[in-house]
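So this block is upload26.csv, CSV, C-alpha atoms and all ligand atoms:
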chain,number,residue,atom,x,y,z
C,1,MET,CA,-50.3,12.8,-4.2
C,2,LYS,CA,-48.0,9.7,-4.1
C,3,ASP,CA,-51.0,7.4,-4.8
C,4,PHE,CA,-52.1,9.5,-7.7
C,5,LYS,CA,-48.7,9.3,-9.3
C,6,LEU,CA,-48.7,5.5,-8.9
C,7,GLU,CA,-52.1,5.3,-10.4
C,8,SER,CA,-51.2,7.4,-13.4
C,9,ASN,CA,-48.0,5.4,-14.1
C,10,ARG,CA,-50.0,2.2,-14.1
C,11,GLU,CA,-52.5,3.7,-16.5
C,12,LYS,CA,-49.7,4.8,-18.7
C,13,GLU,CA,-48.2,1.3,-18.7
C,14,GLN,CA,-51.6,-0.1,-19.6
C,15,ASP,CA,-51.9,2.4,-22.4
C,16,LEU,CA,-48.6,1.3,-23.8
C,17,GLU,CA,-49.6,-2.4,-23.7
C,18,PHE,CA,-52.6,-1.3,-25.8
C,19,VAL,CA,-50.5,0.7,-28.2
C,20,HIS,CA,-48.2,-2.2,-28.9
C,21,LYS,CA,-49.0,-5.7,-27.8
C,22,SER,CA,-45.9,-7.8,-28.1
C,23,VAL,CA,-46.3,-10.9,-30.4
C,24,LEU,CA,-45.8,-14.5,-29.3
C,25,VAL,CA,-44.3,-13.5,-25.9
C,26,ASN,CA,-45.3,-16.6,-23.9
C,27,GLU,CA,-44.1,-19.0,-26.6
C,28,ILE,CA,-40.7,-17.2,-26.9
C,29,ILE,CA,-40.2,-17.2,-23.1
C,30,GLU,CA,-40.9,-20.9,-23.0
C,31,ILE,CA,-38.3,-21.6,-25.6
C,32,ALA,CA,-35.8,-19.4,-23.8
C,33,LYS,CA,-36.3,-21.4,-20.6
C,34,THR,CA,-34.9,-24.4,-22.2
C,35,VAL,CA,-31.7,-22.5,-23.0
C,36,PHE,CA,-31.2,-20.4,-19.9
C,37,SER,CA,-31.7,-23.3,-17.5
C,38,LEU,CA,-28.3,-24.6,-18.7
C,39,VAL,CA,-26.4,-21.3,-18.5
C,40,GLU,CA,-25.1,-19.6,-15.4
C,41,ASN,CA,-25.1,-15.9,-16.5
C,42,PRO,CA,-27.2,-15.8,-19.6
C,43,VAL,CA,-27.1,-12.9,-22.1
C,44,MET,CA,-30.0,-11.9,-24.5
C,45,ILE,CA,-29.9,-9.5,-27.4
C,46,ASP,CA,-33.2,-7.9,-28.4
C,47,CYS,CA,-32.5,-6.6,-31.9
C,48,THR,CA,-35.8,-4.8,-32.2
C,49,LEU,CA,-36.5,-3.2,-28.8
C,50,GLY,CA,-39.5,-1.0,-29.9
C,51,LEU,CA,-41.4,-0.2,-26.7
C,52,GLY,CA,-39.6,-3.0,-24.9
C,53,GLY,CA,-42.4,-5.5,-24.5
C,54,HIS,CA,-40.3,-8.6,-25.2
C,55,SER,CA,-37.3,-7.3,-23.3
C,56,LEU,CA,-39.5,-6.6,-20.3
C,57,ALA,CA,-40.9,-10.1,-20.4
C,58,PHE,CA,-37.4,-11.6,-20.5
C,59,LEU,CA,-36.1,-9.4,-17.6
C,60,LYS,CA,-39.2,-10.3,-15.5
C,61,ALA,CA,-38.9,-14.0,-16.2
C,62,PHE,CA,-35.1,-14.5,-15.7
C,63,SER,CA,-33.6,-12.7,-12.7
C,64,ASN,CA,-30.0,-13.4,-13.7
C,65,LEU,CA,-30.4,-12.3,-17.3
C,66,GLU,CA,-28.5,-9.4,-19.0
C,67,VAL,CA,-30.3,-7.9,-22.0
C,68,PHE,CA,-28.9,-5.7,-24.8
C,69,GLY,CA,-31.7,-3.9,-26.6
C,70,ILE,CA,-31.2,-2.4,-30.0
C,71,ASP,CA,-33.3,0.0,-32.0
C,72,LYS,CA,-32.6,2.3,-34.9
C,73,ASP,CA,-35.4,4.6,-33.9
C,74,LEU,CA,-34.1,6.7,-31.0
C,75,SER,CA,-37.6,7.9,-30.1
C,76,VAL,CA,-38.6,4.5,-28.7
C,77,TRP,CA,-36.0,4.8,-25.9
C,78,PRO,CA,-37.7,7.3,-23.5
C,79,ILE,CA,-40.8,5.0,-23.5
C,80,ALA,CA,-39.0,1.7,-23.3
C,81,LYS,CA,-36.8,3.2,-20.6
C,82,LYS,CA,-39.8,4.0,-18.4
C,83,ARG,CA,-41.2,0.5,-18.9
C,84,LEU,CA,-37.9,-1.1,-18.1
C,85,SER,CA,-37.1,1.2,-15.2
C,86,LYS,CA,-36.9,-1.6,-12.6
C,87,TYR,CA,-34.4,-3.5,-14.6
C,88,LEU,CA,-31.9,-0.8,-15.9
C,89,GLY,CA,-29.1,-2.5,-13.9
C,90,ARG,CA,-29.3,-5.5,-16.3
C,91,PHE,CA,-30.5,-3.7,-19.5
C,92,PHE,CA,-28.3,-1.8,-22.0
C,93,PHE,CA,-29.8,0.3,-24.9
C,94,VAL,CA,-27.9,0.5,-28.2
C,95,HIS,CA,-29.0,2.9,-30.8
C,96,THR,CA,-28.1,1.3,-34.1
C,97,ASP,CA,-29.3,-0.7,-37.0
C,98,PHE,CA,-29.1,-4.5,-36.2
C,99,SER,CA,-27.0,-4.9,-39.4
C,100,ASN,CA,-24.3,-3.6,-37.1
C,101,LEU,CA,-25.0,-6.2,-34.4
C,102,GLU,CA,-21.3,-7.0,-34.0
C,103,ILE,CA,-20.8,-3.7,-32.2
C,104,ILE,CA,-22.2,-5.5,-29.2
C,105,ASP,CA,-18.9,-7.1,-28.4
C,106,LYS,CA,-20.5,-10.1,-26.6
C,107,ASN,CA,-21.9,-13.5,-27.5
C,108,ALA,CA,-25.4,-14.2,-26.5
C,109,ASP,CA,-27.6,-17.2,-25.5
C,110,PHE,CA,-30.7,-15.8,-27.1
C,111,ILE,CA,-31.1,-13.3,-29.9
C,112,LEU,CA,-34.5,-12.0,-30.9
C,113,MET,CA,-35.7,-10.1,-34.0
C,114,ASP,CA,-39.3,-8.9,-34.1
C,115,LEU,CA,-39.3,-7.4,-37.6
C,116,GLY,CA,-40.9,-4.3,-39.1
C,117,VAL,CA,-42.4,-1.2,-37.5
C,118,SER,CA,-44.2,-1.0,-34.2
C,119,SER,CA,-47.8,0.1,-33.9
C,120,MET,CA,-46.5,3.2,-32.2
C,121,GLN,CA,-44.6,4.2,-35.3
C,122,ILE,CA,-47.6,3.5,-37.5
C,123,ASP,CA,-50.1,5.3,-35.2
C,124,ASN,CA,-47.9,8.4,-35.0
C,125,ALA,CA,-49.3,10.1,-38.1
C,126,GLN,CA,-46.4,12.5,-38.4
C,127,ARG,CA,-44.0,9.6,-39.2
C,128,GLY,CA,-45.8,9.2,-42.5
C,129,PHE,CA,-46.1,5.3,-42.3
C,130,SER,CA,-49.9,5.3,-42.5
C,131,TYR,CA,-52.1,5.6,-45.6
C,132,MET,CA,-55.0,6.3,-43.3
C,133,GLU,CA,-53.6,9.7,-42.2
C,134,ASN,CA,-52.4,12.8,-44.0
C,135,ALA,CA,-48.8,13.6,-43.3
C,136,ASN,CA,-45.4,14.3,-44.9
C,137,LEU,CA,-44.2,11.2,-46.8
C,138,ASP,CA,-41.4,10.2,-44.4
C,139,MET,CA,-41.4,6.6,-43.3
C,140,ARG,CA,-37.9,6.7,-41.7
C,141,MET,CA,-37.4,4.5,-38.7
C,142,ASP,CA,-34.1,6.2,-38.0
C,143,LEU,CA,-34.8,10.0,-38.1
C,144,SER,CA,-31.1,10.8,-38.4
C,145,GLN,CA,-31.1,9.0,-41.8
C,146,ASN,CA,-31.1,11.3,-44.9
C,147,ILE,CA,-33.3,9.5,-47.4
C,148,ASN,CA,-37.0,9.4,-46.8
C,149,ALA,CA,-40.1,8.2,-48.8
C,150,ALA,CA,-40.7,11.6,-50.5
C,151,GLU,CA,-37.1,11.6,-51.9
C,152,ILE,CA,-37.6,8.1,-53.3
C,153,VAL,CA,-41.0,8.9,-54.8
C,154,ASN,CA,-39.8,12.2,-56.4
C,155,GLU,CA,-36.3,11.3,-57.4
C,156,TYR,CA,-36.0,7.6,-58.3
C,157,SER,CA,-36.4,6.6,-62.0
C,158,TYR,CA,-39.5,4.9,-63.3
C,159,ASP,CA,-37.6,1.6,-63.5
C,160,ASN,CA,-36.4,1.8,-59.9
C,161,LEU,CA,-39.8,2.7,-58.6
C,162,LYS,CA,-41.4,-0.2,-60.6
C,163,SER,CA,-38.9,-2.7,-59.2
C,164,ILE,CA,-39.6,-1.5,-55.6
C,165,PHE,CA,-43.3,-2.1,-56.0
C,166,LEU,CA,-42.9,-5.3,-58.0
C,167,LEU,CA,-40.6,-6.8,-55.3
C,168,ASN,CA,-43.4,-6.4,-52.8
C,169,GLY,CA,-45.9,-8.2,-55.1
C,170,GLU,CA,-47.8,-5.2,-56.4
C,171,ARG,CA,-49.4,-6.5,-59.6
C,172,ASN,CA,-49.9,-3.0,-61.0
C,173,ALA,CA,-46.3,-1.9,-60.3
C,174,SER,CA,-45.7,-0.4,-63.7
C,175,ARG,CA,-48.9,1.6,-63.7
C,176,VAL,CA,-48.2,3.0,-60.2
C,177,ALA,CA,-44.6,3.9,-61.2
C,178,LYS,CA,-45.8,5.6,-64.4
C,179,ASN,CA,-48.5,7.6,-62.6
C,180,ILE,CA,-45.9,8.7,-59.9
C,181,VAL,CA,-43.6,10.0,-62.7
C,182,LYS,CA,-46.6,11.8,-64.4
C,183,TYR,CA,-47.9,13.3,-61.2
C,184,ARG,CA,-44.5,14.6,-60.0
C,185,GLU,CA,-43.9,16.4,-63.4
C,186,ILE,CA,-46.8,18.6,-62.4
C,187,SER,CA,-46.2,18.9,-58.7
C,188,PRO,CA,-43.8,17.3,-56.1
C,189,ILE,CA,-45.4,14.4,-54.2
C,190,LYS,CA,-45.0,15.5,-50.6
C,191,THR,CA,-47.8,13.8,-48.6
C,192,THR,CA,-49.2,10.4,-47.9
C,193,GLN,CA,-52.6,11.4,-49.3
C,194,GLN,CA,-51.1,12.4,-52.7
C,195,LEU,CA,-49.7,8.9,-52.9
C,196,VAL,CA,-53.0,7.4,-51.8
C,197,LYS,CA,-54.6,9.3,-54.7
C,198,ILE,CA,-52.1,7.9,-57.1
C,199,ALA,CA,-52.8,4.4,-55.8
C,200,ASP,CA,-56.5,5.1,-56.3
C,201,ILE,CA,-56.1,5.9,-60.0
C,202,SER,CA,-53.5,3.2,-60.7
C,203,ILE,CA,-55.1,0.1,-59.2
C,204,PRO,CA,-58.3,-1.2,-60.7
C,205,ARG,CA,-61.1,-2.0,-58.3
C,206,ASN,CA,-61.1,-5.7,-59.0
C,207,TYR,CA,-57.3,-6.0,-58.1
C,208,ARG,CA,-57.8,-4.4,-54.7
C,209,SER,CA,-57.4,-6.8,-51.8
C,210,GLY,CA,-57.3,-4.8,-48.5
C,211,HIS,CA,-56.6,-1.1,-48.8
C,212,ARG,CA,-55.5,-0.1,-52.3
C,213,ALA,CA,-52.4,1.7,-51.0
C,214,LYS,CA,-51.3,-1.0,-48.6
C,215,LYS,CA,-48.7,-2.8,-50.7
C,216,ILE,CA,-47.3,0.5,-52.1
C,217,PHE,CA,-46.8,1.9,-48.7
C,218,GLN,CA,-45.2,-1.3,-47.4
C,219,ALA,CA,-42.9,-1.5,-50.4
C,220,LEU,CA,-41.7,2.1,-49.9
C,221,ARG,CA,-41.2,1.6,-46.2
C,222,ILE,CA,-39.0,-1.5,-46.9
C,223,ALA,CA,-37.0,0.5,-49.4
C,224,VAL,CA,-36.6,3.6,-47.2
C,225,ASN,CA,-35.3,1.6,-44.3
C,226,ASN,CA,-33.3,-0.9,-46.4
C,227,GLU,CA,-35.1,-3.6,-44.4
C,228,LEU,CA,-34.2,-6.7,-46.4
C,229,ASP,CA,-30.5,-5.9,-46.6
C,230,SER,CA,-30.4,-5.2,-42.9
C,231,LEU,CA,-32.1,-8.5,-42.2
C,232,LYS,CA,-29.6,-10.5,-44.3
C,233,LYS,CA,-26.6,-8.8,-42.6
C,234,GLY,CA,-28.2,-9.1,-39.1
C,235,LEU,CA,-29.0,-12.8,-39.5
C,236,VAL,CA,-25.4,-13.7,-40.5
C,237,GLN,CA,-23.9,-11.8,-37.5
C,238,ALA,CA,-26.5,-13.1,-35.0
C,239,SER,CA,-25.8,-16.7,-36.1
C,240,GLN,CA,-22.1,-16.1,-35.4
C,241,MET,CA,-22.6,-14.4,-32.1
C,242,LEU,CA,-24.7,-17.2,-30.5
C,243,ASN,CA,-23.1,-19.3,-27.8
C,244,GLU,CA,-23.3,-23.0,-28.2
C,245,GLY,CA,-26.8,-24.1,-27.3
C,246,GLY,CA,-28.1,-20.6,-28.0
C,247,ILE,CA,-31.2,-19.7,-30.0
C,248,LEU,CA,-31.8,-17.1,-32.7
C,249,ALA,CA,-35.6,-16.4,-32.9
C,250,VAL,CA,-37.1,-14.2,-35.7
C,251,ILE,CA,-40.7,-13.1,-35.9
C,252,ASP,CA,-41.5,-12.1,-39.5
C,253,TYR,CA,-44.7,-10.5,-40.9
C,254,HIS,CA,-44.7,-10.9,-44.6
C,255,SER,CA,-43.4,-13.2,-47.3
C,256,LEU,CA,-40.3,-11.2,-48.3
C,257,GLU,CA,-39.0,-11.3,-44.7
C,258,GLY,CA,-40.2,-14.9,-44.3
C,259,LYS,CA,-38.4,-16.2,-47.4
C,260,ILE,CA,-35.1,-14.6,-46.3
C,261,VAL,CA,-35.2,-16.1,-42.8
C,262,LYS,CA,-36.4,-19.5,-44.0
C,263,HIS,CA,-33.7,-19.8,-46.6
C,264,PHE,CA,-31.0,-18.7,-44.3
C,265,PHE,CA,-32.1,-21.1,-41.5
C,266,ARG,CA,-32.3,-24.0,-44.0
C,267,LYS,CA,-28.9,-23.3,-45.3
C,268,LEU,CA,-27.4,-23.2,-41.8
C,269,SER,CA,-29.1,-26.4,-40.7
C,270,SER,CA,-28.2,-28.3,-43.9
C,271,PRO,CA,-25.2,-30.6,-44.3
C,272,SER,CA,-21.8,-28.8,-44.3
C,273,VAL,CA,-21.5,-29.0,-48.1
C,274,GLU,CA,-24.3,-26.5,-48.5
C,275,LEU,CA,-22.6,-24.1,-46.1
C,276,ASN,CA,-19.9,-23.6,-48.7
C,277,LEU,CA,-17.2,-23.6,-46.0
C,278,PRO,CA,-13.6,-24.5,-46.6
C,279,GLU,CA,-12.7,-28.1,-45.8
C,280,LEU,CA,-12.8,-28.5,-42.0
C,281,PRO,CA,-13.1,-31.5,-39.7
C,282,SER,CA,-16.8,-32.1,-39.2
C,283,ASN,CA,-16.8,-31.2,-35.5
C,284,SER,CA,-14.9,-27.9,-35.9
C,285,PHE,CA,-17.6,-25.6,-37.2
C,286,PRO,CA,-21.0,-24.8,-35.7
C,287,LYS,CA,-24.0,-26.7,-36.7
C,288,PHE,CA,-27.6,-25.5,-36.3
C,289,GLU,CA,-30.8,-27.3,-35.6
C,290,LEU,CA,-34.0,-25.9,-37.2
C,291,LEU,CA,-36.9,-25.7,-34.6
C,292,PRO,CA,-40.5,-26.0,-35.7
C,293,LYS,CA,-42.2,-22.8,-36.9
C,294,ILE,CA,-44.7,-21.3,-34.5
C,295,SER,CA,-47.8,-19.2,-35.4
C,296,PRO,CA,-50.0,-17.2,-33.0
C,297,SER,CA,-53.0,-18.9,-31.5
C,298,GLU,CA,-56.5,-17.9,-32.6
C,299,LYS,CA,-56.9,-16.2,-29.2
C,300,GLU,CA,-53.8,-14.0,-29.8
C,301,ILE,CA,-54.9,-13.1,-33.3
C,302,SER,CA,-58.4,-12.1,-32.0
C,303,ASP,CA,-56.7,-10.0,-29.2
C,304,ASN,CA,-54.1,-8.5,-31.5
C,305,SER,CA,-54.9,-8.4,-35.2
C,306,ARG,CA,-51.3,-7.4,-36.0
C,307,SER,CA,-50.1,-10.9,-35.0
C,308,ALA,CA,-52.3,-12.5,-37.7
C,309,SER,CA,-49.4,-12.6,-40.3
C,310,ALA,CA,-46.7,-13.4,-37.8
C,311,HIS,CA,-44.4,-16.5,-37.9
C,312,LEU,CA,-41.8,-17.3,-35.3
C,313,ARG,CA,-38.8,-19.1,-36.8
C,314,CYS,CA,-36.0,-20.4,-34.6
C,315,ILE,CA,-32.6,-22.0,-35.0
C,316,LYS,CA,-30.4,-23.5,-32.3
C,317,LYS,CA,-26.7,-23.6,-32.3
C,318,ILE,CA,-25.8,-27.2,-31.4
C,319,VAL,CA,-23.5,-27.9,-28.5
C,320,ILE,CA,-20.4,-29.5,-29.9
C,321,LYS,CA,-19.2,-32.2,-27.6
C,322,GLU,CA,-15.4,-32.5,-27.0
C,323,ASN,CA,-14.0,-35.9,-28.2
R,401,LIG,C1,-42.2,-4.7,-34.2
R,401,LIG,S1,-41.3,-3.5,-33.3
R,401,LIG,C2,-40.7,-4.3,-31.9
R,401,LIG,C3,-41.6,-4.4,-30.8
R,401,LIG,C4,-41.0,-5.0,-29.5
R,401,LIG,N1,-40.6,-6.4,-29.8
R,401,LIG,C5,-42.0,-4.9,-28.4
R,401,LIG,O1,-42.4,-6.0,-27.9
R,401,LIG,O2,-42.3,-3.8,-27.9
R,401,LIG,C6,-39.9,-3.3,-34.3
R,401,LIG,C7,-38.9,-2.3,-33.8
R,401,LIG,O3,-37.7,-2.6,-34.4
R,401,LIG,C8,-37.1,-1.5,-34.9
R,401,LIG,N2,-36.3,-1.9,-36.1
R,401,LIG,C9,-36.8,-2.4,-37.2
R,401,LIG,N3,-35.8,-2.7,-38.1
R,401,LIG,C10,-34.6,-2.5,-37.4
R,401,LIG,C11,-33.2,-2.6,-37.7
R,401,LIG,N4,-32.8,-3.1,-38.9
R,401,LIG,N5,-32.3,-2.2,-36.8
R,401,LIG,C12,-32.7,-1.8,-35.6
R,401,LIG,N6,-34.0,-1.6,-35.2
R,401,LIG,C13,-35.0,-1.9,-36.1
R,401,LIG,C14,-38.2,-0.5,-35.3
R,401,LIG,O4,-37.8,0.8,-35.2
R,401,LIG,C15,-39.2,-0.9,-34.2
R,401,LIG,O5,-39.1,0.0,-33.1

How would this structure read if it were set down as structure tokens?
Ligand SMILES: C[S@@+](CC[C@H](N)C(=O)[O-])C[C@H]1O[C@@H](n2cnc3c(N)ncnc32)[C@H](O)[C@@H]1O
Amino acid sequence: MKDFKLESNREKEQDLEFVHKSVLVNEIIEIAKTVFSLVENPVMIDCTLGLGGHSLAFLKAFSNLEVFGIDKDLSVWPIAKKRLSKYLGRFFFVHTDFSNLEIIDKNADFILMDLGVSSMQIDNAQRGFSYMENANLDMRMDLSQNINAAEIVNEYSYDNLKSIFLLNGERNASRVAKNIVKYREISPIKTTQQLVKIADISIPRNYRSGHRAKKIFQALRIAVNNELDSLKKGLVQASQMLNEGGILAVIDYHSLEGKIVKHFFRKLSSPSVELNLPELPSNSFPKFELLPKISPSEKEISDNSRSASAHLRCIKKIVIKEN
């Protein structure tokens, strides 16, 4: 009986690895080694716990590390908790949006953001993230939040809808918004497949790269979860909460995220003038060093197609030497 239990747990763990393969794990652990080797009791904040893949790799690799794992989706916790069960003495779960990072009242030596949704969220049809399945139009990462995708689609003005789709690079944004408004006058848009139908009639065949509804769904998901605003707020707090010598690492998956991270990191690592700080002696404010961008290897991309669009961008808080 005992053996059977062990076997089935192992199978479950393997299933979960299949459901969500963590991106660029080895590369991130190698970078973290350079930081933690100089710190006695290092602290790491995983801003996007998901199923806990990155947190698990950190806890396995560094026996004296304390990890705080954040996720705005409470449903990830029972699964992550099982995977991290050996390490719960050094792991602390915080259910919040990482735009509230400061509620973790502790500085950290490594802060990680692995942006977007997990495969588990996409594969769970009922969550309404996938254009491949029929489900209620939901797309909330945090199920305690009021606004969902159906509300945006049925209640936002034509102009608001158009700018949501335009921001995400949908070339037919005005036609999609117009057709949504037309459709909802006849019947409320409640399901993912109603929206797919609207994408189908709005986007001419020659404009379609990938699935016709891909950009529309991604744009709505970003809007429902206020993703870009959270990212901007989270980056500022993370940069302030890093210990000297600490690293902020962000994995982004599309150009809207990438641009925000790139510009923020450039600004932090540029001369003090661009930081727009009040006049301070040059050694009295933190300086940052931009590390080279890393992309997944061909092997990782062939093992995990989700990693194909990933970029790892890191910034390091420079140690300020006492005079
Ligand atoms: C790509 S998955 C993370 C996967 C994880 N690194 C792993 O290896 O298993 C992203 C997770 O971050 C969460 N998330 C996304 N944006 C968030 C935010 N602003 N605040 C808190 N959690 C967020 C999502 O709910 C999702 O579970």

Pull the neighbourhood of (-21.7, -12.3, -25.6) for me: all residues within 7 Å in file coordinates, counting all atoms listed in the file, as a tab-separated table (two decimals) with C-alpha atoms, in the coordinates of the input.
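Heads up, here's the output in point_34.tsv:
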chain	number	residue	atom	x	y	z
C	43	VAL	CA	-27.10	-12.90	-22.10
C	105	ASP	CA	-18.90	-7.10	-28.40
C	106	LYS	CA	-20.50	-10.10	-26.60
C	107	ASN	CA	-21.90	-13.50	-27.50
C	108	ALA	CA	-25.40	-14.20	-26.50
C	241	MET	CA	-22.60	-14.40	-32.10

As a quick test: using only C-alpha atoms and all ligand atoms, which residues lie no more than 9 Å away from ligand LIG 401 (chain R)? Give them as a PDB file with C-alpha atoms, in the coordinates of the input.
ATOM      1  CA  GLU C  17     -49.600  -2.400 -23.700  1.00  0.00           C
ATOM      2  CA  HIS C  20     -48.200  -2.200 -28.900  1.00  0.00           C
ATOM      3  CA  LYS C  21     -49.000  -5.700 -27.800  1.00  0.00           C
ATOM      4  CA  SER C  22     -45.900  -7.800 -28.100  1.00  0.00           C
ATOM      5  CA  VAL C  23     -46.300 -10.900 -30.400  1.00  0.00           C
ATOM      6  CA  VAL C  25     -44.300 -13.500 -25.900  1.00  0.00           C
ATOM      7  CA  ASP C  46     -33.200  -7.900 -28.400  1.00  0.00           C
ATOM      8  CA  CYS C  47     -32.500  -6.600 -31.900  1.00  0.00           C
ATOM      9  CA  THR C  48     -35.800  -4.800 -32.200  1.00  0.00           C
ATOM     10  CA  LEU C  49     -36.500  -3.200 -28.800  1.00  0.00           C
ATOM     11  CA  GLY C  50     -39.500  -1.000 -29.900  1.00  0.00           C
ATOM     12  CA  LEU C  51     -41.400  -0.200 -26.700  1.00  0.00           C
ATOM     13  CA  GLY C  52     -39.600  -3.000 -24.900  1.00  0.00           C
ATOM     14  CA  GLY C  53     -42.400  -5.500 -24.500  1.00  0.00           C
ATOM     15  CA  HIS C  54     -40.300  -8.600 -25.200  1.00  0.00           C
ATOM     16  CA  SER C  55     -37.300  -7.300 -23.300  1.00  0.00           C
ATOM     17  CA  LEU C  56     -39.500  -6.600 -20.300  1.00  0.00           C
ATOM     18  CA  ALA C  57     -40.900 -10.100 -20.400  1.00  0.00           C
ATOM     19  CA  ILE C  70     -31.200  -2.400 -30.000  1.00  0.00           C
ATOM     20  CA  ASP C  71     -33.300   0.000 -32.000  1.00  0.00           C
ATOM     21  CA  LYS C  72     -32.600   2.300 -34.900  1.00  0.00           C
ATOM     22  CA  ASP C  73     -35.400   4.600 -33.900  1.00  0.00           C
ATOM     23  CA  LEU C  74     -34.100   6.700 -31.000  1.00  0.00           C
ATOM     24  CA  SER C  75     -37.600   7.900 -30.100  1.00  0.00           C
ATOM     25  CA  VAL C  76     -38.600   4.500 -28.700  1.00  0.00           C
ATOM     26  CA  ALA C  80     -39.000   1.700 -23.300  1.00  0.00           C
ATOM     27  CA  HIS C  95     -29.000   2.900 -30.800  1.00  0.00           C
ATOM     28  CA  THR C  96     -28.100   1.300 -34.100  1.00  0.00           C
ATOM     29  CA  ASP C  97     -29.300  -0.700 -37.000  1.00  0.00           C
ATOM     30  CA  PHE C  98     -29.100  -4.500 -36.200  1.00  0.00           C
ATOM     31  CA  SER C  99     -27.000  -4.900 -39.400  1.00  0.00           C
ATOM     32  CA  ASN C 100     -24.300  -3.600 -37.100  1.00  0.00           C
ATOM     33  CA  LEU C 101     -25.000  -6.200 -34.400  1.00  0.00           C
ATOM     34  CA  LEU C 112     -34.500 -12.000 -30.900  1.00  0.00           C
ATOM     35  CA  MET C 113     -35.700 -10.100 -34.000  1.00  0.00           C
ATOM     36  CA  ASP C 114     -39.300  -8.900 -34.100  1.00  0.00           C
ATOM     37  CA  LEU C 115     -39.300  -7.400 -37.600  1.00  0.00           C
ATOM     38  CA  GLY C 116     -40.900  -4.300 -39.100  1.00  0.00           C
ATOM     39  CA  VAL C 117     -42.400  -1.200 -37.500  1.00  0.00           C
ATOM     40  CA  SER C 118     -44.200  -1.000 -34.200  1.00  0.00           C
ATOM     41  CA  SER C 119     -47.800   0.100 -33.900  1.00  0.00           C
ATOM     42  CA  MET C 120     -46.500   3.200 -32.200  1.00  0.00           C
ATOM     43  CA  GLN C 121     -44.600   4.200 -35.300  1.00  0.00           C
ATOM     44  CA  ARG C 140     -37.900   6.700 -41.700  1.00  0.00           C
ATOM     45  CA  MET C 141     -37.400   4.500 -38.700  1.00  0.00           C
ATOM     46  CA  ASP C 142     -34.100   6.200 -38.000  1.00  0.00           C
ATOM     47  CA  ASN C 225     -35.300   1.600 -44.300  1.00  0.00           C
ATOM     48  CA  ASN C 226     -33.300  -0.900 -46.400  1.00  0.00           C
ATOM     49  CA  GLU C 227     -35.100  -3.600 -44.400  1.00  0.00           C
ATOM     50  CA  LEU C 228     -34.200  -6.700 -46.400  1.00  0.00           C
ATOM     51  CA  ASP C 229     -30.500  -5.900 -46.600  1.00  0.00           C
ATOM     52  CA  SER C 230     -30.400  -5.200 -42.900  1.00  0.00           C
ATOM     53  CA  LEU C 231     -32.100  -8.500 -42.200  1.00  0.00           C
ATOM     54  CA  GLY C 234     -28.200  -9.100 -39.100  1.00  0.00           C
ATOM     55  CA  ILE C 251     -40.700 -13.100 -35.900  1.00  0.00           C
TER      56      ILE C 251
END

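Going from atom CA of C:Ala310 to atom CA of C:Gln218 covers 15.5 Å.
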
**Message:** Just checking: using all atoms listed in the file, which residue out of C:Glu170, C:Asp159, C:Asp109, C:Glu66 ends up closest to C:Val39?
**Reply:** C:Asp109

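Nearest to C:Tyr183 of all the residues C:Ala150, C:Ile104, C:Ile198, C:Leu248 is C:Ile198, counting all atoms listed in the file.
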
**Asked** Distance atom CA of C:Ser295-atom CA of C:Leu312, one decimal place?
**Response** 6.3 Å

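With all atoms listed in the file as the basis for measurement, C:Val224 is the residue among C:Leu161, C:Leu235, C:Leu167, C:Val224 that approaches C:Asn148 most closely.
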
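As for atom CA of C:Phe217 and atom CA of C:Ala249, they are spaced 26.6 Å apart.
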
Within 6 Å of C:Ser269, counting all atoms listed in the file, which residues qualify if same-chain residues fewer than 3 places away don't, as a PDB file with C-alpha atoms, in the frame of the given file?
ATOM      1  CA  ARG C 266     -32.300 -24.000 -44.000  1.00  0.00           C
ATOM      2  CA  PHE C 288     -27.600 -25.500 -36.300  1.00  0.00           C
ATOM      3  CA  GLU C 289     -30.800 -27.300 -35.600  1.00  0.00           C
TER       4      GLU C 289
END

**Fill in**
With distances taken over all atoms listed in the file, the candidate from C:Val196, C:Leu59, C:Ala308, C:Ile294 nearest C:Asn134 is C:Val196

**Shell of 8 Å around stretch 86-92 of chain C, all atoms listed in the file, local chain residues under 4 positions omitted, as a list of chain:residue names** = C:Leu59, C:Leu65, C:Glu66, C:Val67, C:Phe68, C:Gly69, C:Lys81

Could those residues be written to a file, using C-alpha atoms, as an mmCIF file, in the frame of the given file?
data_model
loop_
_atom_site.group_PDB
_atom_site.id
_atom_site.type_symbol
_atom_site.label_atom_id
_atom_site.label_comp_id
_atom_site.auth_asym_id
_atom_site.auth_seq_id
_atom_site.Cartn_x
_atom_site.Cartn_y
_atom_site.Cartn_z
ATOM 1 C CA LEU C 59 -36.100 -9.400 -17.600
ATOM 2 C CA LEU C 65 -30.400 -12.300 -17.300
ATOM 3 C CA GLU C 66 -28.500 -9.400 -19.000
ATOM 4 C CA VAL C 67 -30.300 -7.900 -22.000
ATOM 5 C CA PHE C 68 -28.900 -5.700 -24.800
ATOM 6 C CA GLY C 69 -31.700 -3.900 -26.600
ATOM 7 C CA LYS C 81 -36.800 3.200 -20.600
#

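Of the listed residues (C:Glu102, C:Glu27, C:Asp138, C:Asp200), C:Glu27 comes nearest to C:Glu300; the distances count all atoms listed in the file.
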
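Once C:Ile203 and its same-chain neighbours fewer than 2 positions away are set aside, C:Glu170, C:Arg171, C:Asn172, C:Ala173, C:Arg175, C:Val176, C:Ile198, C:Ala199, C:Asp200, C:Ile201, C:Arg205, C:Asn206, C:Tyr207, C:Arg208, C:Arg212, C:Ala213 remain within 10 Å of it when counting all atoms listed in the file.
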
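Candidate residues C:Lys316, C:Lys33, C:Lys162, C:Lys82 were compared for distance to C:Leu242, and the nearest is C:Lys316, using all atoms listed in the file.
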